[in-house]
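K.L.:
Encoded as structure tokens, here's the structure I'll be asking about.
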Amino acid sequence: MKKTTLVIMIVLMAFVTSFAATNTDSETYDFSYTVNDAQKVEKTYESSDVVIVDLVPGDQLVLNIPANATTGYQWVLKDDFEAKFIQLVSTEYKAPDSELMGAGGTSVWTFKAQEEGVTTLGFEYIRPWETEVEPEIVLLVQVHVKAEQE
């Protein structure tokens with residue numbers, strides 16, 4: 001009887017472990033962007049996914065990333081992108097239209113494409129004072145600046 005119970009428990013544990021390992025339901029996030037005030041493009045991504053945006057020199061790229069300043073979190077742009085390909089023009093936090101306490105707003109980032117090349121804009125959703133903690137969310141936007149759109 002003890003052997004049968006032990007075998008059943010081992011099989012059950014193996015099944016649960018197998019299910020947990022194959023459960024790939026990751027949390028998804030949304031953001032939008034526009035190029036030269038054209039139609040807004042909505043994107044859904046998982047943390048650390050790479051989103052590709054094609055530009056030509058002179059294009060203006062505006063990223064609208066949901067944020068909630070009331071939580072202490074903010075989007076921070078890593079400084080390891082190639083500024084010769086894309087330049088940060090401005091950044092601002094737009095408060096929500098809602099009067100609800102704790103409602104989220106939007107972090108708006110404006111860039112201008114410079115010369116041809118590829119670089120990645122790395123954004124981290126962090127609480128700046130928490131230095132020993134992994135980012136809550138990572139957004140990677142790979143920018144391809146080309147002389148002509150294909």
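Scheme for the structure tokens: letters A, B, ... for chains in order shown; per-chain residue numbers from 1; ligand numbers from 1 in order shown.
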Find the residues near stretch 95-99 of chain A: any atom within 12 Å, counting only C-alpha atoms, skip ones fewer than 5 places away on the same chain, and give them as a PyMOL selection string.
P.N.:
chain A and resi 66-70+104-108
K.L.:
Write the residues you've just listed into a file as a short mmCIF file (atom, residue, chain, number, x, y, z; two decimals), in the first residue's frame, and include C-alpha atoms for each of them.
P.N.:
data_model
loop_
_atom_site.label_atom_id
_atom_site.label_comp_id
_atom_site.auth_asym_id
_atom_site.auth_seq_id
_atom_site.Cartn_x
_atom_site.Cartn_y
_atom_site.Cartn_z
CA PRO A 66 1.14 53.19 -20.42
CA ALA A 67 2.52 54.14 -17.00
CA ASN A 68 1.23 54.84 -13.53
CA ALA A 69 3.23 57.42 -11.60
CA THR A 70 1.16 56.84 -8.45
CA GLY A 104 -2.61 55.30 -14.95
CA GLY A 105 -1.36 57.79 -17.50
CA THR A 106 1.05 57.66 -20.44
CA SER A 107 4.79 58.08 -20.76
CA VAL A 108 5.44 59.84 -24.08
#
K.L.:
Sorted by chain and rising residue number, list the residues of stretch 86-124 of chain A at most 8 Å from stretch 44-61 of chain A (counting only C-alpha atoms), each with its closest atom pair and distance in Å to one decimal, as a Markdown table.
P.N.:
| residue | atom | partner | partner_atom | distance |
| --- | --- | --- | --- | --- |
| A:Thr110 | CA | A:Leu61 | CA | 5.7 |
| A:Phe111 | CA | A:Leu61 | CA | 5.1 |
| A:Lys112 | CA | A:Gln60 | CA | 4.6 |
| A:Ala113 | CA | A:Pro57 | CA | 4.9 |
| A:Gln114 | CA | A:Pro57 | CA | 4.9 |
| A:Glu115 | CA | A:Pro57 | CA | 5.5 |
| A:Glu116 | CA | A:Pro57 | CA | 6.8 |
K.L.:
Show me, as a list in words, the residues that have an atom within 7 Å of stretch 74-80 of chain A when counting only C-alpha atoms, minus same-chain residues fewer than 4 positions from it.
P.N.:
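These residues fall inside the cut-off: Ala67, Ala69, Gly122, Phe123, Glu124, Tyr125, Ile126 and Arg127 of chain A.
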K.L.:
Residues of the last selection are to be written out with C-alpha atoms, as a tab-separated table (two decimals), in the first residue's frame.
P.N.:
chain	number	residue	atom	x	y	z
A	67	ALA	CA	2.52	54.14	-17.00
A	69	ALA	CA	3.23	57.42	-11.60
A	122	GLY	CA	15.74	49.79	-24.20
A	123	PHE	CA	13.08	50.92	-21.74
A	124	GLU	CA	12.76	49.62	-18.19
A	125	TYR	CA	9.73	50.10	-15.95
A	126	ILE	CA	11.34	50.57	-12.55
A	127	ARG	CA	11.20	52.32	-9.23
K.L.:
Quote the spacing between atom CA of A:Lys146 and atom CA of A:Val35 in Å to one decimal place.
P.N.:
14.0 Å
K.L.:
Using backbone DSSP assignments, extract all alpha helix (DSSP H) residues from stretch 11-110 of chain A; output them as a list in words.
P.N.:
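Those in stretch 11-110 of chain A that DSSP calls alpha helix (DSSP H) are Val11, Leu12, Met13, Ala14, Phe15, Val16, Thr17, Ser18, Phe19, Ala20, Ala21 and Thr22 of chain A.
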K.L.:
Quick one: pick out all strand (DSSP E or B) residues within stretch 4-125 of chain A from a backbone DSSP run and write them as number ranges by chain.
P.N.:
A: 28-35, 41-46, 50-55, 60-67, 74-77, 86-94, 105-113, 117-125
K.L.:
So that I can see what lies close to A:Gly117, please list as a count of residues only the residues with an atom at most 9 Å from it, counting only C-alpha atoms and leaving out residues fewer than 4 positions away in the same chain.
P.N.:
8
K.L.:
Pick out the closest residue to A:Tyr73 from this set: A:Glu92, A:Glu148, A:Glu136, A:Glu27. Count only C-alpha atoms.
P.N.:
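Closest to A:Tyr73 of all the choices is A:Glu136.
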K.L.:
When you draw a straight line from atom CA of A:Glu42 to atom CA of A:Leu139, how long is it in Å?
P.N.:
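Atom CA of A:Leu139 lies at a distance of 14.0 Å from atom CA of A:Glu42.
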K.L.:
How far is it from atom CA of A:Ser26 to atom CA of A:Ala103, in Å with one decimal?
P.N.:
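According to the coordinates, atom CA of A:Ser26 and atom CA of A:Ala103 are separated by 23.6 Å.
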